[in-house]
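Taking it in order: structure first as structure tokens, then the write-up.
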Amino acid sequence: MQYTLARYEKSSFADGEFAFDVYRRGSGPAAIIIHEIPGLHPLVIRFADRVAAAGMTVYLPSLFGQPERPVSTSYKYKSMAQAAFCMRRTFSAWSANRSSPVVEWLRALARKAHAECGGPGVGALGMCFTGGFALAMMTEPSVIAPVLSQPSLPVGVTRAKHAAIDASPEEIACARERFDKEGLSLLGLRFRSDMHVRDARFATYRREFGDRFETIELDDSDADPNAPGPPHSVLTVHLNDSDPEGATRRAEARVIAFFKERLGVSGA
């Protein structure tokens, strides 16, 4: 089956120094899904289609790469270099204890989406390179359902970088306060063997947020056996779609249920 943007409405959204195309589909409260490396590829669209089918309005910003282009090794490395080196004004790939500049644009998109769609607030999910963005977005009051799928920043080989997260102390404090006062929580997903998301990083999230941090951690055997290894992308490339009862499909279902619970979508 081909997953395309043909049923999505395309627009451009500018705020501050940034402007990006955004694709929208569905009805109901808003969920912003921020794509991974290498870009807004078909398997990100597959996940977005399922969120929209569950009763939400999906917003898909295109931050880098070519929308709808399938994942390949050459495309992946080209986009990684573009985001990490050529777009340093937009992304802070190497810096610990701070979020990327583009997060401010994403907060503005959340405000816009909430105004357009209503409901109690907005869901936000990042993947891989953008995996930690949903946490930093919580300084925007409309963001009430943050999901971090294989959060891979900051990049680095030291133990300190393995444990670091891409959010400032102020952003972390804001999220912690909101979790307590508003009864919110954070959902994180990863494969346990993922060298881009070490045990130490999830330990940092647990230390900062305690039982407000819900985790889904998967074994290599849970990944799609036909996908190129090593396992990394929980909701896209390494989701085993051929096994509806398998661990990755259950992880996908939990993310969608988390959005529905927080956003007040009927049938949650």
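Order determines the names: the first chain of the structure tokens is A, the second B, and so forth; residues in each chain are numbered 1 upward, and ligands are numbered 1 upward as they are shown.
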
Subject >> Residues near stretch 131-133 of chain A, cut-off 12 Å, only C-alpha atoms, skip fewer than 6 positions along chain, as a VMD selection string >> reply: chain A and resid 32 to 37 91 to 93 96 to 107 123 to 125 139 to 140 143 146 to 154 164 to 168 171 to 172 186 to 190 196 to 197 201 to 202 205 232 to 235

For the residues in the current selection, export C-alpha atoms as a PDB file, in the first residue's frame.
```
ATOM      1  CA  ILE A  32       1.425  17.424  15.698  1.00  0.00           C
ATOM      2  CA  ILE A  33       3.639  14.621  14.373  1.00  0.00           C
ATOM      3  CA  ILE A  34       7.225  15.694  13.760  1.00  0.00           C
ATOM      4  CA  HIS A  35       9.038  13.451  11.310  1.00  0.00           C
ATOM      5  CA  GLU A  36      12.373  11.726  11.753  1.00  0.00           C
ATOM      6  CA  ILE A  37      15.474  11.486   9.576  1.00  0.00           C
ATOM      7  CA  PHE A  91      18.659  22.423  15.015  1.00  0.00           C
ATOM      8  CA  SER A  92      21.033  21.965  17.966  1.00  0.00           C
ATOM      9  CA  ALA A  93      22.197  18.428  17.262  1.00  0.00           C
ATOM     10  CA  ALA A  96      23.057  19.154  25.682  1.00  0.00           C
ATOM     11  CA  ASN A  97      20.677  20.882  28.080  1.00  0.00           C
ATOM     12  CA  ARG A  98      19.058  23.063  25.434  1.00  0.00           C
ATOM     13  CA  SER A  99      16.364  22.670  22.824  1.00  0.00           C
ATOM     14  CA  SER A 100      16.675  23.394  19.125  1.00  0.00           C
ATOM     15  CA  PRO A 101      15.704  26.880  17.854  1.00  0.00           C
ATOM     16  CA  VAL A 102      12.980  25.356  15.665  1.00  0.00           C
ATOM     17  CA  VAL A 103      11.077  24.326  18.806  1.00  0.00           C
ATOM     18  CA  GLU A 104       9.865  27.918  19.165  1.00  0.00           C
ATOM     19  CA  TRP A 105       8.272  27.628  15.711  1.00  0.00           C
ATOM     20  CA  LEU A 106       6.675  24.317  16.759  1.00  0.00           C
ATOM     21  CA  ARG A 107       5.203  25.994  19.850  1.00  0.00           C
ATOM     22  CA  GLY A 123      -0.714  16.324  21.238  1.00  0.00           C
ATOM     23  CA  ALA A 124       2.892  16.415  20.027  1.00  0.00           C
ATOM     24  CA  LEU A 125       5.173  13.578  18.971  1.00  0.00           C
ATOM     25  CA  THR A 139       6.346  25.651  27.661  1.00  0.00           C
ATOM     26  CA  GLU A 140       3.417  26.272  25.300  1.00  0.00           C
ATOM     27  CA  VAL A 143       0.632  21.124  24.511  1.00  0.00           C
ATOM     28  CA  PRO A 146       3.903  14.876  24.678  1.00  0.00           C
ATOM     29  CA  VAL A 147       5.387  11.703  23.147  1.00  0.00           C
ATOM     30  CA  LEU A 148       9.101  11.046  22.589  1.00  0.00           C
ATOM     31  CA  SER A 149       9.815   8.251  20.113  1.00  0.00           C
ATOM     32  CA  GLN A 150      13.496   7.193  20.101  1.00  0.00           C
ATOM     33  CA  PRO A 151      14.727  10.690  21.194  1.00  0.00           C
ATOM     34  CA  SER A 152      18.255  10.777  19.749  1.00  0.00           C
ATOM     35  CA  LEU A 153      19.586  14.254  20.598  1.00  0.00           C
ATOM     36  CA  PRO A 154      22.081  15.364  21.628  1.00  0.00           C
ATOM     37  CA  ALA A 164      21.771  14.226  28.257  1.00  0.00           C
ATOM     38  CA  ILE A 165      18.436  15.368  26.853  1.00  0.00           C
ATOM     39  CA  ASP A 166      17.709  18.196  24.433  1.00  0.00           C
ATOM     40  CA  ALA A 167      15.766  20.445  26.797  1.00  0.00           C
ATOM     41  CA  SER A 168      16.918  23.332  28.966  1.00  0.00           C
ATOM     42  CA  GLU A 171      11.914  23.737  29.978  1.00  0.00           C
ATOM     43  CA  ILE A 172      12.324  20.690  32.202  1.00  0.00           C
ATOM     44  CA  LEU A 186       5.156  11.988  29.198  1.00  0.00           C
ATOM     45  CA  LEU A 187       5.347   8.890  27.001  1.00  0.00           C
ATOM     46  CA  GLY A 188       8.702   7.605  25.720  1.00  0.00           C
ATOM     47  CA  LEU A 189       9.467   4.770  23.286  1.00  0.00           C
ATOM     48  CA  ARG A 190      12.672   3.052  22.200  1.00  0.00           C
ATOM     49  CA  HIS A 196      21.236   6.420  19.699  1.00  0.00           C
ATOM     50  CA  VAL A 197      18.987   6.222  22.787  1.00  0.00           C
ATOM     51  CA  ARG A 201      19.054   8.931  28.543  1.00  0.00           C
ATOM     52  CA  PHE A 202      15.880   7.192  29.650  1.00  0.00           C
ATOM     53  CA  TYR A 205      13.924  11.218  31.980  1.00  0.00           C
ATOM     54  CA  HIS A 232      15.556   2.180  15.845  1.00  0.00           C
ATOM     55  CA  SER A 233      12.319   3.663  14.460  1.00  0.00           C
ATOM     56  CA  VAL A 234       9.566   2.304  16.705  1.00  0.00           C
ATOM     57  CA  LEU A 235       6.535   3.692  14.869  1.00  0.00           C
TER      58      LEU A 235
END
```

Subject >> Residue neighbourhood A:Ser72, 12 Å, only C-alpha atoms, exclusion window fewer than 3 positions, as a PyMOL selection string >> reply: chain A and resi 37-39+41-42+65+69+75-79+227-228+237

Can those selected residues be exported to a file as a short mmCIF file (atom, residue, chain, number, x, y, z; two decimals), in the first residue's frame so that it contains N, CA and C atoms?
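Final output, selection-v5.cif:
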```cif
data_model
loop_
_atom_site.label_atom_id
_atom_site.label_comp_id
_atom_site.auth_asym_id
_atom_site.auth_seq_id
_atom_site.Cartn_x
_atom_site.Cartn_y
_atom_site.Cartn_z
N ILE A 37 14.57 11.62 10.71
CA ILE A 37 15.47 11.49 9.58
C ILE A 37 14.97 10.30 8.73
N PRO A 38 14.89 10.42 7.40
CA PRO A 38 15.42 11.49 6.57
C PRO A 38 14.41 12.59 6.20
N GLY A 39 13.14 12.41 6.55
CA GLY A 39 12.14 13.41 6.19
C GLY A 39 10.75 12.86 6.39
N HIS A 41 8.64 10.80 5.30
CA HIS A 41 8.61 9.65 4.40
C HIS A 41 7.29 8.88 4.54
N PRO A 42 7.02 7.92 3.66
CA PRO A 42 5.71 7.26 3.64
C PRO A 42 5.32 6.56 4.94
N GLY A 65 14.34 17.36 4.24
CA GLY A 65 14.08 16.24 3.35
C GLY A 65 13.00 16.54 2.34
N ARG A 69 9.24 10.96 -0.10
CA ARG A 69 10.36 10.17 -0.61
C ARG A 69 10.65 9.01 0.33
N TYR A 75 19.77 8.60 1.15
CA TYR A 75 18.88 9.70 1.53
C TYR A 75 18.98 9.99 3.02
N LYS A 76 19.07 8.94 3.83
CA LYS A 76 19.16 9.09 5.27
C LYS A 76 20.41 9.86 5.67
N TYR A 77 21.55 9.48 5.10
CA TYR A 77 22.79 10.16 5.48
C TYR A 77 22.86 11.59 4.95
N LYS A 78 22.28 11.81 3.79
CA LYS A 78 22.24 13.17 3.25
C LYS A 78 21.40 14.08 4.14
N SER A 79 20.23 13.60 4.58
CA SER A 79 19.37 14.41 5.45
C SER A 79 19.98 14.60 6.82
N ALA A 227 12.94 -5.30 7.93
CA ALA A 227 13.48 -3.94 7.89
C ALA A 227 14.99 -3.97 8.10
N PRO A 228 15.70 -3.02 7.50
CA PRO A 228 17.15 -2.97 7.71
C PRO A 228 17.46 -2.64 9.16
N VAL A 237 9.83 2.64 10.41
CA VAL A 237 10.62 1.65 9.67
C VAL A 237 10.64 0.29 10.35
#
```

Original post:
For A:Ser185, which of A:Thr215, A:Thr204, A:Ser12, A:Asn240 is the closest residue, counting only C-alpha atoms?
Top reply: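 Ranking A:Thr215, A:Thr204, A:Ser12, A:Asn240 by distance to A:Ser185, first place goes to A:Thr215.
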
**OP:** Select from stretch 4-230 of chain A everything DSSP, run on the backbone, classes as alpha helix (DSSP H), then give the selection as a PyMOL selection string.
**Re:** chain A and resi 42-53+73-81+102-117+133-136+159-163+169-182+199-209

**OP:** Tell me, in Å to one decimal, how far atom CA of A:Ser11 is from atom CA of A:Val122.
**Re:**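 Between atom CA of A:Ser11 and atom CA of A:Val122 the gap works out to 18.9 Å.
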
**OP:** Would you return as a PyMOL selection string the members of stretch 51-258 of chain A that DSSP assigns to strand (DSSP E or B) on this structure's backbone?
**Re:** chain A and resi 57-62+122-127+143-149+186-191+213-218

Output file for the residues above (N, CA and C atoms, as a PDB file, in the first residue's frame):
```
ATOM      1  N   THR A  57      -7.091  15.639  14.333  1.00  0.00           N
ATOM      2  CA  THR A  57      -6.564  16.395  13.201  1.00  0.00           C
ATOM      3  C   THR A  57      -5.051  16.347  13.264  1.00  0.00           C
ATOM      4  N   VAL A  58      -4.454  15.759  12.258  1.00  0.00           N
ATOM      5  CA  VAL A  58      -3.006  15.595  12.215  1.00  0.00           C
ATOM      6  C   VAL A  58      -2.367  16.782  11.505  1.00  0.00           C
ATOM      7  N   TYR A  59      -1.307  17.312  12.113  1.00  0.00           N
ATOM      8  CA  TYR A  59      -0.472  18.337  11.489  1.00  0.00           C
ATOM      9  C   TYR A  59       0.916  17.730  11.289  1.00  0.00           C
ATOM     10  N   LEU A  60       1.364  17.735  10.041  1.00  0.00           N
ATOM     11  CA  LEU A  60       2.670  17.186   9.692  1.00  0.00           C
ATOM     12  C   LEU A  60       3.565  18.299   9.156  1.00  0.00           C
ATOM     13  N   PRO A  61       4.425  18.888   9.984  1.00  0.00           N
ATOM     14  CA  PRO A  61       5.388  19.856   9.449  1.00  0.00           C
ATOM     15  C   PRO A  61       6.497  19.133   8.686  1.00  0.00           C
ATOM     16  N   SER A  62       6.949  19.733   7.629  1.00  0.00           N
ATOM     17  CA  SER A  62       8.075  19.194   6.853  1.00  0.00           C
ATOM     18  C   SER A  62       9.294  20.076   7.110  1.00  0.00           C
ATOM     19  N   VAL A 122      -3.338  20.104  22.665  1.00  0.00           N
ATOM     20  CA  VAL A 122      -2.681  19.559  21.479  1.00  0.00           C
ATOM     21  C   VAL A 122      -1.757  18.423  21.891  1.00  0.00           C
ATOM     22  N   GLY A 123      -1.718  17.366  21.096  1.00  0.00           N
ATOM     23  CA  GLY A 123      -0.714  16.324  21.238  1.00  0.00           C
ATOM     24  C   GLY A 123       0.489  16.655  20.386  1.00  0.00           C
ATOM     25  N   ALA A 124       1.668  16.184  20.803  1.00  0.00           N
ATOM     26  CA  ALA A 124       2.892  16.415  20.027  1.00  0.00           C
ATOM     27  C   ALA A 124       3.779  15.195  20.139  1.00  0.00           C
ATOM     28  N   LEU A 125       4.291  14.749  19.011  1.00  0.00           N
ATOM     29  CA  LEU A 125       5.173  13.578  18.971  1.00  0.00           C
ATOM     30  C   LEU A 125       6.364  13.864  18.086  1.00  0.00           C
ATOM     31  N   GLY A 126       7.560  13.615  18.614  1.00  0.00           N
ATOM     32  CA  GLY A 126       8.776  13.707  17.826  1.00  0.00           C
ATOM     33  C   GLY A 126       9.405  12.337  17.661  1.00  0.00           C
ATOM     34  N   MET A 127      10.219  12.187  16.615  1.00  0.00           N
ATOM     35  CA  MET A 127      10.856  10.906  16.315  1.00  0.00           C
ATOM     36  C   MET A 127      12.337  11.119  16.035  1.00  0.00           C
ATOM     37  N   VAL A 143       0.074  22.462  24.691  1.00  0.00           N
ATOM     38  CA  VAL A 143       0.632  21.124  24.511  1.00  0.00           C
ATOM     39  C   VAL A 143       0.399  20.315  25.784  1.00  0.00           C
ATOM     40  N   ILE A 144      -0.430  19.274  25.689  1.00  0.00           N
ATOM     41  CA  ILE A 144      -0.806  18.507  26.875  1.00  0.00           C
ATOM     42  C   ILE A 144      -0.561  17.005  26.730  1.00  0.00           C
ATOM     43  N   ALA A 145      -0.087  16.559  25.575  1.00  0.00           N
ATOM     44  CA  ALA A 145       0.142  15.127  25.364  1.00  0.00           C
ATOM     45  C   ALA A 145       1.458  14.927  24.617  1.00  0.00           C
ATOM     46  N   PRO A 146       2.605  15.000  25.328  1.00  0.00           N
ATOM     47  CA  PRO A 146       3.903  14.876  24.678  1.00  0.00           C
ATOM     48  C   PRO A 146       4.375  13.426  24.571  1.00  0.00           C
ATOM     49  N   VAL A 147       4.871  13.051  23.392  1.00  0.00           N
ATOM     50  CA  VAL A 147       5.387  11.703  23.147  1.00  0.00           C
ATOM     51  C   VAL A 147       6.775  11.824  22.525  1.00  0.00           C
ATOM     52  N   LEU A 148       7.725  11.058  23.076  1.00  0.00           N
ATOM     53  CA  LEU A 148       9.101  11.046  22.589  1.00  0.00           C
ATOM     54  C   LEU A 148       9.398   9.652  22.036  1.00  0.00           C
ATOM     55  N   SER A 149       9.490   9.533  20.726  1.00  0.00           N
ATOM     56  CA  SER A 149       9.815   8.251  20.113  1.00  0.00           C
ATOM     57  C   SER A 149      11.282   8.245  19.706  1.00  0.00           C
ATOM     58  N   LEU A 186       4.286  12.056  30.370  1.00  0.00           N
ATOM     59  CA  LEU A 186       5.156  11.988  29.198  1.00  0.00           C
ATOM     60  C   LEU A 186       5.288  10.531  28.794  1.00  0.00           C
ATOM     61  N   LEU A 187       5.199  10.253  27.510  1.00  0.00           N
ATOM     62  CA  LEU A 187       5.347   8.890  27.001  1.00  0.00           C
ATOM     63  C   LEU A 187       6.623   8.800  26.173  1.00  0.00           C
ATOM     64  N   GLY A 188       7.455   7.795  26.455  1.00  0.00           N
ATOM     65  CA  GLY A 188       8.702   7.605  25.720  1.00  0.00           C
ATOM     66  C   GLY A 188       8.813   6.197  25.170  1.00  0.00           C
ATOM     67  N   LEU A 189       9.326   6.069  23.939  1.00  0.00           N
ATOM     68  CA  LEU A 189       9.467   4.770  23.286  1.00  0.00           C
ATOM     69  C   LEU A 189      10.886   4.606  22.752  1.00  0.00           C
ATOM     70  N   ARG A 190      11.372   3.362  22.795  1.00  0.00           N
ATOM     71  CA  ARG A 190      12.672   3.052  22.200  1.00  0.00           C
ATOM     72  C   ARG A 190      12.858   1.541  22.127  1.00  0.00           C
ATOM     73  N   PHE A 191      13.802   1.110  21.288  1.00  0.00           N
ATOM     74  CA  PHE A 191      14.332  -0.239  21.353  1.00  0.00           C
ATOM     75  C   PHE A 191      15.487  -0.237  22.360  1.00  0.00           C
ATOM     76  N   PHE A 213       6.726   9.696  33.782  1.00  0.00           N
ATOM     77  CA  PHE A 213       7.353   9.259  32.533  1.00  0.00           C
ATOM     78  C   PHE A 213       6.986   7.800  32.289  1.00  0.00           C
ATOM     79  N   GLU A 214       6.073   7.579  31.364  1.00  0.00           N
ATOM     80  CA  GLU A 214       5.658   6.229  30.973  1.00  0.00           C
ATOM     81  C   GLU A 214       6.551   5.758  29.828  1.00  0.00           C
ATOM     82  N   THR A 215       7.060   4.525  29.929  1.00  0.00           N
ATOM     83  CA  THR A 215       7.990   4.039  28.916  1.00  0.00           C
ATOM     84  C   THR A 215       7.456   2.800  28.214  1.00  0.00           C
ATOM     85  N   ILE A 216       7.822   2.696  26.955  1.00  0.00           N
ATOM     86  CA  ILE A 216       7.634   1.481  26.168  1.00  0.00           C
ATOM     87  C   ILE A 216       9.003   1.138  25.601  1.00  0.00           C
ATOM     88  N   GLU A 217       9.592   0.051  26.066  1.00  0.00           N
ATOM     89  CA  GLU A 217      10.927  -0.354  25.649  1.00  0.00           C
ATOM     90  C   GLU A 217      10.845  -1.745  25.031  1.00  0.00           C
ATOM     91  N   LEU A 218      11.357  -1.864  23.829  1.00  0.00           N
ATOM     92  CA  LEU A 218      11.164  -3.045  23.008  1.00  0.00           C
ATOM     93  C   LEU A 218      12.471  -3.802  22.783  1.00  0.00           C
TER      94      LEU A 218
END
```

Original post:
Using only C-alpha atoms, which of the listed residues (A:Arg198, A:Phe64, A:Asp241, A:Val155) sits closest to A:Met1?
Top reply: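 Distance minimum relative to A:Met1 lands on A:Asp241.
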
Original post:
Mind pulling up the distance from atom CA of A:Gly210 to atom CA of A:Cys174?
Top reply: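 Atom-to-atom, atom CA of A:Cys174 and atom CA of A:Gly210 are spaced 14.8 Å apart.
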